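Here's the structure, in C-alpha cells; my notes come after.
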Amino acid sequence: MRLPALWLAVAFAIGITVAGPHALPAWIWIAASAAPVLLGGILLWRRQVLAAWILALAAWFGLGGFALTLEHAAVPPGHVTRLLAAGRLDNSEPLRWRGRLREDPLRLPWGQRYEIDLEQVEIAGATTLVSGGLRANLYAGPRTGRPPDGLRAGDRVEALLRAKPPRNFLDPGAPDIHSMLARQNVDLAGSLRTGELLQLIVHPRPTLPQRFARARGNLLSRLDALYSRDPKRAAILRAMLLGDRSFIDSDVVASFQKTSAYHVLVVAGLHVGAVVVFMLWICRRLRLPSFATTFATLAVLASYVAVVQDRPPIFRAALMAAFYLIARPLFRRIDLLNTISLAGLALIVWKPSSLADPSFQLSFLAAGVITGLALPWIERTSARYRSGLAHLGDVTRDVVHSPRIAQFRIELRAASDWLARRLPQRLASYPARSLTIFIRGSLRLWDIVVMSLTIQLGMMPSLAQQFHRVTLAGPLSNVPAVILTGLIVPLGFLCLALTFVWGRLAALLANALSFCVAALLACVEWFGRLPRFSYRVPGPPGWLFAAFLAALIFLAAVSRQEKRRRSSRDMRRQPLAFARLSEWIGAAAVAVFAVLVATHPFAPNLERGKLEITTLDVGEGDSIFAAFPDARTMSIDGGGLAGSERIGGYRRGPDVGEEVVSPFLWSRGLKRLDVIVMTHADHDHIDGFHSVLQNFGVGEVWIGAGQEKPAFKTLLAEVRSLAIPMTHKTTGARFE
C-alpha cells in the first residue's frame, strides 16, 4: 500500500482525538488495539491482506487512545499541578521555591526572566519535594534590587514569590494560555518584588542540556556585541537565529504579520531547510560520500535544536529533515509525504497531547501542502526544464527527454551559439554557461513562487481560524522573505562561529548580514504598507473548514496521481484527460472555498428580536458587549491590564484588545461594530480599544469623561485618523 506511514499516523491521531473528551479506562483501549491484532493475524494467515490492513489501522486507533490515557496518568505525584489540585500547596502567599535554572537569565526590555526547573518548595518551615516549571519575572524599576550576578543555566537558586498557574480568560475565542505555557514546561508564573528575593544556593555541575543553554546565552551576548549600534537588526537576528523574539518592536511584528511573513521570525521549517541546504552544499563541495554527508548534517541539526529556544517547532522540522536525510542513502526514491507522516507519527507517539497544539497542526499542514501540492506541480513544470539543462552541450542526451524538453535544449544551444559568434574568441564559452545559470535561477524563483502561493492558499482557513487574518500580499511578499532567510540563517551562524576565531572577519561578515536584514525589513514593511492587502476576518464556519480540507485533499490526491501517470511510459490519453478534469474540478472547489474564507459573507451569530448583554472576562477593568434586537452592536469599554502598556515599542503584558476582546467578537462572526463607548479614560477601560479599532469597522464612537489624559488623547487621535464619527455623551443623555 502506498504511503503506509500516512495511514498509520491518521489512525493513531483519530484515536487520540476520540480519547481526548472521553476519559475511558486504559484496559478498554488495550482491548481495542489487541483484538484487531489477533483477528488481523488470522486474516493475514489466510492471505486476506486488505482486511488485515484495515484491522491494523483499527489497532493503531486503539493505540492512540491508550497513548493519550497513559500520558495523562504519567504525571509525577509530586508535580505542582497535582499538589495544587490536592490542596497541598497554598499559592495565595509567597513561598520559597528552589530549583535549577533551565536557561541563562533572559534579558527583556522591561527586566529579566528566570525559568526554573523546580525541586523543592518550603511550606510553613517544612520542605516538600516538587517537580514542574516556574517562570519568575523581575520588572525593572527605581526600587528594584539587584539579583545575584553571574547566574547561568544549571545554577541552583531559591526564589521567594507568589506563584500561580497561568490564567485563561474565560471568553469564547480567547487563547488557551495555560496549555500554551504548559507545552513550554511552565506550570507556575509569578513576579519577584525585588531582585534580592532571588538567591543563589550553589553552582552545581551543569547537565548537557544546561551546557547548551549556556552556549545559547553566549551566542546571544556575542550577537548583541556585533550589533550594539543597531539594536533593531540585532533583535531580528536574535529571533531568526536563536528564537528570542523579546526585543522585536511591536510595529515590526505587525508588519511581518500583515505580510504573512511572521514564520520568518519563528525558528521552524524554513530555518531548518536553510541549514540543511547549506550543509548539503558544503558537503557536495567537499566531495564527501553520502553517509558522511548525512552524518555531518544530522550532527549540525542536533546542535541547532539543542541551542535554539523555540524547541517544539524546530524539533518537528528537524525530525522531518532527519528522516529524509537518513532515507537518502538507503532508498533510490523517497516519498516526502510518507517521510513527513513518519515524523508526525513519532512525535504523537512520544507525546500524544501535542496533536492539540495549534503550532503542531500548522506545521504538518504546511508540510502536507508542500509535499501534496507544491512539489507535484513543481516536478511537472520547472523540474523537467531544470533536468533538461544538465549536460546541455551533449546532443546525444536529447533523446532521453520528452520532445518538448529536447526542443528546449536545441533552442537554448542555438541561442548560445548565436551569442558566441558575436563575442570575442576568449569569451565564446561564456554565453552557454551564463544562459544556463540565468535559466536555472529563474526556474528556482518559479519554484519559490509556486511554493509560496500553494502554502498561502492551502493554509488560508487555518490561518483565518487561528489568527483571524487574510493576507493577499503573502504569495508575493514571501518570495523575497524566503530568499533572504535562506541567506541570513547560514551567514548568521557562520558569523557567530567566526567571533570565536577571527573577530575582524566576523565584523566584516556582520556588515553583509546587516544588509540582508535591512533588505528583509524593507521588503516586509513595504508590503505591509499596501492598503487593503491585509485584513482581519472571523474564523470560517466548521462546515466550510471541513469542505475546504476535503477539497484540498482531493486536489492533492489527483495532482499526485497525474504526476505518477505522466512519469509512466504506458500513459493513455483518456485516463490523463480524466485526471486533468479531476484536477481542475478540485482546484475550482479549493478556489471557491478560499474566496468564502477570505470574504466571510456570513451573517453574525446574533439572535434577532432579543437584547443581549455580555460582560467579558478581561482580568481588570471592564468590557461589555451589547447586541440589540435589531442586530445593531455596541462595545462598552475595551479592558486593559495594568503593566501591559507599550513602553518604547514593546508591550510588557498581554494586549487585551487583541487577545481577548477581538477573539470574542470574531467568535460571534462580527466584522463591524455599530458603536463603541469609551466611558472614561482609565487604562483598564480603554487600552483594548486600540486593537478593536484596527480589527473592526466602527460606525461611531461615543466619548465620556477624562479627555484630558494623554492616553485618552492618543486614542482619540487614532479615531480621527480612521475618520470615525465621534459623539460626546454626558450624564442624562438619551438615545435609541
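Here's how to read the names in the C-alpha cells: chain A, B, ... by the order shown, residue numbers from 1 in each chain, ligand numbers from 1 in the order shown.
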*Counting only C-alpha atoms, what is within 12 Å of Ala390 (chain A), bar same-chain residues fewer than 2 positions away, as a list in words?*
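Listed by chain and then number, they are Ala383, Arg384, Tyr385, Arg386, Ser387, Gly388, Leu392, Gly393, Asp394, Val395, Arg397, Asp398, Val400, His401, Ile405, Ala406, Arg409, Ala432, Arg433, Thr436, Ile437, Ile439 and Arg440 of chain A.
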_Neighbouring residues of Lys713 (chain A) were defined as those with any atom within 12 Å, considering only C-alpha atoms; residues of the same chain fewer than 4 positions away were excluded. Please report them as a ChimeraX atom specification._
/A:678,680-682,686-687,703,705-709,717-720
Using only C-alpha atoms, which residues sit within 7 Å of Pro165 (chain A) once same-chain residues fewer than 4 positions away are excluded, as a JSON list (two decimals) with C-alpha atoms, in the first residue's frame?
[["chain", "number", "residue", "atom", "x", "y", "z"],
["A", 187, "ASP", "CA", 3.37, 25.37, 35.18],
["A", 188, "LEU", "CA", 3.61, 28.37, 37.53],
["A", 189, "ALA", "CA", 4.35, 32.05, 36.98]]
_Between CA of Ala473 (chain A) and CA of Ala366 (chain A), what distance in Å does the model show, to one decimal?_
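Distance reported for this atom pair: 18.0 Å.
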_I'd like the neighbourhood of Pro475 (chain A) as a ChimeraX atom specification, where a residue qualifies if any of its atoms comes within 9 Å (using only C-alpha atoms), though same-chain residues fewer than 3 positions away should be ignored._
/A:259-260,449-457,471-472,478-479
*May I have the residues within 12 Å of Ile42 (chain A) as a PyMOL selection string, using only C-alpha atoms and disregarding those fewer than 5 positions away in the same chain?*
chain A and resi 35-37+47-49+51-53+55-56
Please dump the current selection as an mmCIF file, in the first residue's frame; keep C-alpha atoms.
data_model
loop_
_atom_site.group_PDB
_atom_site.id
_atom_site.type_symbol
_atom_site.label_atom_id
_atom_site.label_comp_id
_atom_site.auth_asym_id
_atom_site.auth_seq_id
_atom_site.Cartn_x
_atom_site.Cartn_y
_atom_site.Cartn_z
ATOM 1 C CA ALA A 35 -8.428 -7.551 19.355
ATOM 2 C CA PRO A 36 -7.766 -6.231 15.804
ATOM 3 C CA VAL A 37 -4.172 -7.514 16.015
ATOM 4 C CA ARG A 47 -3.914 -14.203 2.860
ATOM 5 C CA GLN A 48 -6.702 -11.662 3.167
ATOM 6 C CA VAL A 49 -4.248 -8.780 3.086
ATOM 7 C CA ALA A 51 -8.874 -6.881 5.542
ATOM 8 C CA ALA A 52 -5.783 -7.453 7.692
ATOM 9 C CA TRP A 53 -4.512 -3.978 6.805
ATOM 10 C CA LEU A 55 -7.676 -4.193 11.163
ATOM 11 C CA ALA A 56 -4.100 -2.984 11.587
#
